[in-house]
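Pasting data-v3.pdb here (PDB, C-alpha atoms):
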```
ATOM      1  CA  MET A  71      76.402 272.341 219.246  1.00  0.00           C
ATOM      2  CA  THR A  72      78.376 269.226 220.201  1.00  0.00           C
ATOM      3  CA  ALA A  73      78.678 266.083 218.135  1.00  0.00           C
ATOM      4  CA  VAL A  74      77.112 262.931 219.510  1.00  0.00           C
ATOM      5  CA  GLN A  75      79.669 260.181 220.014  1.00  0.00           C
ATOM      6  CA  PRO A  76      78.595 256.797 218.616  1.00  0.00           C
ATOM      7  CA  THR A  77      77.443 254.334 221.252  1.00  0.00           C
ATOM      8  CA  PRO A  78      75.918 250.888 220.932  1.00  0.00           C
ATOM      9  CA  LEU A  79      72.503 252.593 221.195  1.00  0.00           C
ATOM     10  CA  ALA A  80      73.296 255.348 218.641  1.00  0.00           C
ATOM     11  CA  PRO A  81      75.736 253.918 216.093  1.00  0.00           C
ATOM     12  CA  ALA A  82      77.535 256.115 213.562  1.00  0.00           C
ATOM     13  CA  ALA A  83      76.140 256.323 210.044  1.00  0.00           C
ATOM     14  CA  ARG A  84      77.307 253.463 207.883  1.00  0.00           C
ATOM     15  CA  LEU A  85      79.726 254.262 205.082  1.00  0.00           C
ATOM     16  CA  ALA A  86      78.403 253.703 201.536  1.00  0.00           C
ATOM     17  CA  VAL A  87      80.095 251.177 199.256  1.00  0.00           C
ATOM     18  CA  THR A  88      77.988 251.682 196.109  1.00  0.00           C
ATOM     19  CA  GLY A  89      80.003 253.164 193.244  1.00  0.00           C
ATOM     20  CA  HIS A  90      83.400 251.910 194.395  1.00  0.00           C
ATOM     21  CA  TYR A  91      85.501 249.761 192.080  1.00  0.00           C
ATOM     22  CA  ALA A  92      84.886 246.057 192.636  1.00  0.00           C
ATOM     23  CA  GLY A  93      87.796 244.043 193.964  1.00  0.00           C
ATOM     24  CA  PRO A  94      89.083 240.570 193.159  1.00  0.00           C
ATOM     25  CA  VAL A  95      87.023 238.605 195.695  1.00  0.00           C
ATOM     26  CA  SER A  96      83.623 239.907 194.603  1.00  0.00           C
ATOM     27  CA  ARG A  97      84.553 239.629 190.919  1.00  0.00           C
ATOM     28  CA  THR A  98      85.722 236.030 191.466  1.00  0.00           C
ATOM     29  CA  LEU A  99      82.460 235.156 193.219  1.00  0.00           C
ATOM     30  CA  ALA A 100      80.449 236.692 190.383  1.00  0.00           C
ATOM     31  CA  ILE A 101      82.318 234.824 187.638  1.00  0.00           C
ATOM     32  CA  ALA A 102      82.055 231.560 189.606  1.00  0.00           C
ATOM     33  CA  LEU A 103      78.284 232.002 189.855  1.00  0.00           C
ATOM     34  CA  ASP A 104      78.079 232.863 186.158  1.00  0.00           C
ATOM     35  CA  ALA A 105      80.140 229.803 185.219  1.00  0.00           C
ATOM     36  CA  ALA A 106      77.843 227.598 187.307  1.00  0.00           C
ATOM     37  CA  ILE A 107      74.768 229.155 185.662  1.00  0.00           C
ATOM     38  CA  VAL A 108      76.187 228.701 182.146  1.00  0.00           C
ATOM     39  CA  MET A 109      77.106 225.066 182.808  1.00  0.00           C
ATOM     40  CA  ALA A 110      73.815 224.221 184.553  1.00  0.00           C
ATOM     41  CA  ALA A 111      71.708 225.797 181.795  1.00  0.00           C
ATOM     42  CA  TYR A 112      73.732 224.084 179.069  1.00  0.00           C
ATOM     43  CA  THR A 113      73.468 220.722 180.823  1.00  0.00           C
ATOM     44  CA  LEU A 114      69.709 221.067 181.345  1.00  0.00           C
ATOM     45  CA  VAL A 115      69.067 222.042 177.724  1.00  0.00           C
ATOM     46  CA  TYR A 116      71.318 219.239 176.447  1.00  0.00           C
ATOM     47  CA  ALA A 117      69.581 216.697 178.690  1.00  0.00           C
ATOM     48  CA  GLY A 118      66.142 218.023 177.696  1.00  0.00           C
ATOM     49  CA  VAL A 119      66.921 217.784 173.983  1.00  0.00           C
ATOM     50  CA  ASN A 120      68.205 214.229 174.473  1.00  0.00           C
ATOM     51  CA  LEU A 121      65.078 213.301 176.418  1.00  0.00           C
ATOM     52  CA  LEU A 122      62.793 214.659 173.689  1.00  0.00           C
ATOM     53  CA  LEU A 123      64.799 213.020 170.900  1.00  0.00           C
ATOM     54  CA  ASP A 124      64.686 209.703 172.728  1.00  0.00           C
ATOM     55  CA  ALA A 125      60.957 209.982 173.426  1.00  0.00           C
ATOM     56  CA  PHE A 126      59.880 210.974 169.929  1.00  0.00           C
ATOM     57  CA  PHE A 127      62.542 209.605 167.585  1.00  0.00           C
ATOM     58  CA  ASP A 128      64.278 206.849 169.588  1.00  0.00           C
ATOM     59  CA  THR A 129      67.666 208.503 169.072  1.00  0.00           C
ATOM     60  CA  SER A 130      70.007 210.728 171.058  1.00  0.00           C
ATOM     61  CA  LEU A 131      72.159 213.779 170.481  1.00  0.00           C
ATOM     62  CA  ASP A 132      75.757 212.589 170.490  1.00  0.00           C
ATOM     63  CA  LEU A 133      78.057 215.582 169.993  1.00  0.00           C
ATOM     64  CA  SER A 134      81.785 215.093 169.620  1.00  0.00           C
ATOM     65  CA  GLY A 135      84.064 216.818 172.119  1.00  0.00           C
ATOM     66  CA  VAL A 136      84.967 219.600 169.704  1.00  0.00           C
ATOM     67  CA  VAL A 137      81.364 220.276 168.663  1.00  0.00           C
ATOM     68  CA  ASN A 138      80.255 220.192 172.305  1.00  0.00           C
ATOM     69  CA  ALA A 139      82.991 222.710 173.236  1.00  0.00           C
ATOM     70  CA  VAL A 140      82.008 225.018 170.370  1.00  0.00           C
ATOM     71  CA  VAL A 141      78.305 224.924 171.279  1.00  0.00           C
ATOM     72  CA  LEU A 142      79.100 225.508 174.980  1.00  0.00           C
ATOM     73  CA  SER A 143      81.398 228.421 174.060  1.00  0.00           C
ATOM     74  CA  GLY A 144      78.664 229.923 171.885  1.00  0.00           C
ATOM     75  CA  TRP A 145      76.155 229.621 174.718  1.00  0.00           C
ATOM     76  CA  ALA A 146      78.603 231.231 177.181  1.00  0.00           C
ATOM     77  CA  PHE A 147      79.273 234.070 174.714  1.00  0.00           C
ATOM     78  CA  LEU A 148      75.541 234.733 174.314  1.00  0.00           C
ATOM     79  CA  TYR A 149      74.964 234.637 178.069  1.00  0.00           C
ATOM     80  CA  PHE A 150      77.678 237.210 178.830  1.00  0.00           C
ATOM     81  CA  PHE A 151      77.128 239.442 175.797  1.00  0.00           C
ATOM     82  CA  VAL A 152      73.340 239.675 176.017  1.00  0.00           C
ATOM     83  CA  SER A 153      73.431 240.200 179.791  1.00  0.00           C
ATOM     84  CA  LEU A 154      75.974 243.012 179.525  1.00  0.00           C
ATOM     85  CA  ALA A 155      74.312 244.624 176.501  1.00  0.00           C
ATOM     86  CA  ILE A 156      70.850 244.662 178.060  1.00  0.00           C
ATOM     87  CA  ALA A 157      71.418 245.076 181.803  1.00  0.00           C
ATOM     88  CA  GLY A 158      75.094 245.946 182.232  1.00  0.00           C
ATOM     89  CA  ARG A 159      75.475 242.939 184.506  1.00  0.00           C
ATOM     90  CA  THR A 160      75.141 239.186 184.503  1.00  0.00           C
ATOM     91  CA  ILE A 161      73.106 237.171 186.996  1.00  0.00           C
ATOM     92  CA  GLY A 162      76.290 236.486 188.983  1.00  0.00           C
ATOM     93  CA  ASN A 163      77.088 240.204 189.032  1.00  0.00           C
ATOM     94  CA  SER A 164      73.565 240.957 190.259  1.00  0.00           C
ATOM     95  CA  VAL A 165      73.818 238.484 193.113  1.00  0.00           C
ATOM     96  CA  VAL A 166      77.177 239.914 194.230  1.00  0.00           C
ATOM     97  CA  GLY A 167      76.058 243.519 193.623  1.00  0.00           C
ATOM     98  CA  LEU A 168      78.275 244.453 190.671  1.00  0.00           C
ATOM     99  CA  ARG A 169      77.640 246.436 187.493  1.00  0.00           C
ATOM    100  CA  VAL A 170      79.792 246.955 184.413  1.00  0.00           C
ATOM    101  CA  LEU A 171      80.017 250.584 183.291  1.00  0.00           C
ATOM    102  CA  ARG A 172      82.057 252.588 180.835  1.00  0.00           C
ATOM    103  CA  ALA A 173      85.174 254.112 182.374  1.00  0.00           C
ATOM    104  CA  ASP A 174      83.402 257.501 182.504  1.00  0.00           C
ATOM    105  CA  GLY A 175      80.538 256.005 184.569  1.00  0.00           C
ATOM    106  CA  SER A 176      77.925 255.842 181.814  1.00  0.00           C
ATOM    107  CA  ALA A 177      76.038 252.719 180.746  1.00  0.00           C
ATOM    108  CA  VAL A 178      77.877 250.144 178.634  1.00  0.00           C
ATOM    109  CA  PRO A 179      76.967 250.452 174.945  1.00  0.00           C
ATOM    110  CA  VAL A 180      76.358 247.307 172.899  1.00  0.00           C
ATOM    111  CA  ARG A 181      79.699 247.679 171.087  1.00  0.00           C
ATOM    112  CA  ALA A 182      81.654 247.838 174.366  1.00  0.00           C
ATOM    113  CA  ALA A 183      79.740 244.799 175.685  1.00  0.00           C
ATOM    114  CA  LEU A 184      80.706 242.912 172.509  1.00  0.00           C
ATOM    115  CA  VAL A 185      84.380 243.931 172.738  1.00  0.00           C
ATOM    116  CA  ARG A 186      84.529 243.052 176.452  1.00  0.00           C
ATOM    117  CA  THR A 187      82.961 239.642 175.865  1.00  0.00           C
ATOM    118  CA  LEU A 188      85.293 238.857 172.952  1.00  0.00           C
ATOM    119  CA  ALA A 189      88.376 240.044 174.893  1.00  0.00           C
ATOM    120  CA  TYR A 190      87.604 238.074 178.065  1.00  0.00           C
ATOM    121  CA  PRO A 191      89.184 234.791 176.883  1.00  0.00           C
ATOM    122  CA  PHE A 192      92.416 236.680 176.156  1.00  0.00           C
ATOM    123  CA  SER A 193      92.531 237.747 179.817  1.00  0.00           C
ATOM    124  CA  LEU A 194      92.801 234.066 180.706  1.00  0.00           C
ATOM    125  CA  LEU A 195      95.795 233.388 178.446  1.00  0.00           C
ATOM    126  CA  PHE A 196      99.214 232.840 180.007  1.00  0.00           C
ATOM    127  CA  PHE A 197      97.833 231.577 183.324  1.00  0.00           C
ATOM    128  CA  GLY A 198      95.406 234.467 183.706  1.00  0.00           C
ATOM    129  CA  ALA A 199      97.962 237.246 183.237  1.00  0.00           C
ATOM    130  CA  GLY A 200      95.232 239.583 181.999  1.00  0.00           C
ATOM    131  CA  LEU A 201      93.434 239.241 185.340  1.00  0.00           C
ATOM    132  CA  VAL A 202      96.411 240.315 187.478  1.00  0.00           C
ATOM    133  CA  PRO A 203      95.510 244.041 187.287  1.00  0.00           C
ATOM    134  CA  ILE A 204      92.269 243.250 189.151  1.00  0.00           C
ATOM    135  CA  VAL A 205      94.456 242.697 192.207  1.00  0.00           C
ATOM    136  CA  LEU A 206      97.202 245.251 191.554  1.00  0.00           C
ATOM    137  CA  ALA A 207      95.659 248.234 189.736  1.00  0.00           C
ATOM    138  CA  ALA A 208      93.892 251.092 191.507  1.00  0.00           C
ATOM    139  CA  ARG A 209      90.681 250.767 189.463  1.00  0.00           C
ATOM    140  CA  HIS A 210      90.863 246.932 189.369  1.00  0.00           C
ATOM    141  CA  ARG A 211      90.569 246.812 185.555  1.00  0.00           C
ATOM    142  CA  ALA A 212      91.484 243.534 183.856  1.00  0.00           C
ATOM    143  CA  PHE A 213      92.736 243.272 180.280  1.00  0.00           C
ATOM    144  CA  HIS A 214      89.219 242.885 178.894  1.00  0.00           C
ATOM    145  CA  ASP A 215      88.084 245.960 180.861  1.00  0.00           C
ATOM    146  CA  ARG A 216      90.890 248.082 179.427  1.00  0.00           C
ATOM    147  CA  VAL A 217      90.256 246.899 175.858  1.00  0.00           C
ATOM    148  CA  ALA A 218      86.528 247.645 176.110  1.00  0.00           C
ATOM    149  CA  GLY A 219      86.924 250.830 178.171  1.00  0.00           C
ATOM    150  CA  THR A 220      84.858 249.466 181.059  1.00  0.00           C
ATOM    151  CA  VAL A 221      85.048 249.256 184.847  1.00  0.00           C
ATOM    152  CA  VAL A 222      83.247 247.047 187.356  1.00  0.00           C
ATOM    153  CA  VAL A 223      81.683 248.798 190.350  1.00  0.00           C
ATOM    154  CA  TYR A 224      79.506 247.903 193.301  1.00  0.00           C
ATOM    155  CA  ASP A 225      75.887 248.753 192.508  1.00  0.00           C
ATOM    156  CA  TRP A 226      72.977 247.512 194.571  1.00  0.00           C
ATOM    157  CA  GLY A 227      70.270 249.146 192.488  1.00  0.00           C
ATOM    158  CA  GLY A 228      67.967 251.524 194.333  1.00  0.00           C
ATOM    159  CA  ARG A 229      69.749 251.344 197.673  1.00  0.00           C
ATOM    160  CA  ASP A 230      73.312 251.964 198.737  1.00  0.00           C
ATOM    161  CA  ALA A 231      75.383 249.020 199.825  1.00  0.00           C
ATOM    162  CA  GLN A 232      76.828 249.814 203.223  1.00  0.00           C
ATOM    163  CA  LEU A 233      79.754 248.623 205.236  1.00  0.00           C
ATOM    164  CA  PRO A 234      78.763 246.682 208.373  1.00  0.00           C
ATOM    165  CA  GLY A 235      78.133 248.919 211.393  1.00  0.00           C
ATOM    166  CA  PRO A 236      81.175 247.848 213.427  1.00  0.00           C
ATOM    167  CA  LEU A 237      83.486 248.388 210.450  1.00  0.00           C
ATOM    168  CA  SER A 238      81.988 251.839 209.800  1.00  0.00           C
ATOM    169  CA  ASN A 239      82.462 252.672 213.481  1.00  0.00           C
ATOM    170  CA  PHE A 240      86.095 251.553 213.361  1.00  0.00           C
ATOM    171  CA  LEU A 241      86.801 253.603 210.222  1.00  0.00           C
ATOM    172  CA  ALA A 242      85.131 256.658 211.803  1.00  0.00           C
ATOM    173  CA  ARG A 243      87.316 256.334 214.927  1.00  0.00           C
ATOM    174  CA  THR A 244      90.555 255.885 212.959  1.00  0.00           C
ATOM    175  CA  GLY A 245      89.836 258.635 210.461  1.00  0.00           C
ATOM    176  CA  GLY A 246      89.722 256.145 207.509  1.00  0.00           C
TER     177      GLY A 246
END
```
Would you give me this structure, written as structure tokens?
Amino acid sequence: MTAVQPTPLAPAARLAVTGHYAGPVSRTLAIALDAAIVMAAYTLVYAGVNLLLDAFFDTSLDLSGVVNAVVLSGWAFLYFFVSLAIAGRTIGNSVVGLRVLRADGSAVPVRAALVRTLAYPFSLLFFGAGLVPIVLAARHRAFHDRVAGTVVVYDWGGRDAQLPGPLSNFLARTGG
């Protein structure tokens, strides 16, 4: 039996991406989406509370800069922690197709989600030095991933994410 060579009419099977460690670009996109979601939700709730206070009590909610930062930080903590503890991913991770797992591939327990969320700000210290391993390390684990014993992988749910057809064809031809 001879193997059929891929042609434009019969392309080679696409290579699966699901399960591979997530790289810096997809993780950056996910955190950018999450930051936008956290800020938008906080702004909408703040504006809604001010609107209701003004309508019913003729007053407004004037938080000082420090109090505002603390409340925003608390909201961001809840967003990340609850998302990871319940689903193993945030909304940004879902959009990009990422999931946080334990290093052994099992689901993230609540304790690991808590440790990861608490350790994340420390990854940003010293100009983001804790994020450098995302680019340099083989498993792309940042400081907060190492502390919590987690990894971030591509996971598209019930279907495999696949490389685009032309890229799969190129990798098949080159033996990659």
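Of the listed residues (A:Ala157, A:Val223, A:Ala117, A:Leu99), A:Ala117 comes nearest to Ser130 of chain A; the distances count all atoms listed in the file.
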Applying 9 Å and all atoms listed in the file, which residues near Asp104 of chain A remain after dropping the ones on its own chain fewer than 3 positions away? List them as a PyMOL selection string.
chain A and resi 99-101+107-109+149-150+160-163
May I have the selected residues written with C-alpha atoms, as a compact mmCIF listing (two decimals), in the frame of the given file?
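The resulting file, again13.txt, is reproduced below:
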```txt
# COMPACT_ATOMS: atom_id res chain seq x y z
CA LEU A 99 82.46 235.16 193.22
CA ALA A 100 80.45 236.69 190.38
CA ILE A 101 82.32 234.82 187.64
CA ILE A 107 74.77 229.16 185.66
CA VAL A 108 76.19 228.70 182.15
CA MET A 109 77.11 225.07 182.81
CA TYR A 149 74.96 234.64 178.07
CA PHE A 150 77.68 237.21 178.83
CA THR A 160 75.14 239.19 184.50
CA ILE A 161 73.11 237.17 187.00
CA GLY A 162 76.29 236.49 188.98
CA ASN A 163 77.09 240.20 189.03
```
On this structure, the PyMOL selection byres ((chain A and resi 168) around 6) would catch which residues? List them as a list in words, sorted by chain and number.
Asn163, Ser164, Val166, Gly167, Arg169, Val223, Tyr224 and Asp225 of chain A
Just C-alpha atoms for this one: save the residues we selected as a PDB file, in the frame of the given file.
```
ATOM      1  CA  ASN A 163      77.088 240.204 189.032  1.00  0.00           C
ATOM      2  CA  SER A 164      73.565 240.957 190.259  1.00  0.00           C
ATOM      3  CA  VAL A 166      77.177 239.914 194.230  1.00  0.00           C
ATOM      4  CA  GLY A 167      76.058 243.519 193.623  1.00  0.00           C
ATOM      5  CA  ARG A 169      77.640 246.436 187.493  1.00  0.00           C
ATOM      6  CA  VAL A 223      81.683 248.798 190.350  1.00  0.00           C
ATOM      7  CA  TYR A 224      79.506 247.903 193.301  1.00  0.00           C
ATOM      8  CA  ASP A 225      75.887 248.753 192.508  1.00  0.00           C
TER       9      ASP A 225
END
```
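With all atoms listed in the file as the basis for measurement, A:Leu171 is the residue among A:Leu194, A:Leu154, A:Ala199, A:Leu171 that approaches Val221 of chain A most closely.
Interatomic distance, atom CA of Gly200 of chain A to atom CA of Arg186 of chain A: 12.5 Å.
Compared by their closest atoms to Leu188 of chain A, and using all atoms listed in the file, the residues A:Thr98, A:Thr129, A:Thr244, A:Ser143 rank with A:Ser143 nearest.
Taking atom CA of Val205 of chain A and atom CA of Phe192 of chain A as endpoints, the distance between them is 17.3 Å.
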Need the axis-aligned box for segment 169-178 of chain A with 4 Å each side, so what are the centre and edges in Å to one decimal, as JSON?
```
{"center_x": 80.6, "center_y": 252.0, "center_z": 183.1, "size_x": 17.1, "size_y": 19.1, "size_z": 16.9}
```
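Atom to atom, atom CA of Val119 of chain A and atom CA of Asp132 of chain A stand 10.8 Å apart.
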Taking 6 positions as the minimum chain separation for residues in the same chain, which residues sit within 6 Å of Val170 of chain A when counting only C-alpha atoms? Answer as a list of chain:residue names.
A:Gly158, A:Arg159, A:Val221, A:Val222
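Nearest to Thr220 of chain A of all the residues A:Ala173, A:Ala207, A:Val202, A:Val141 is A:Ala173, based on only C-alpha atoms.
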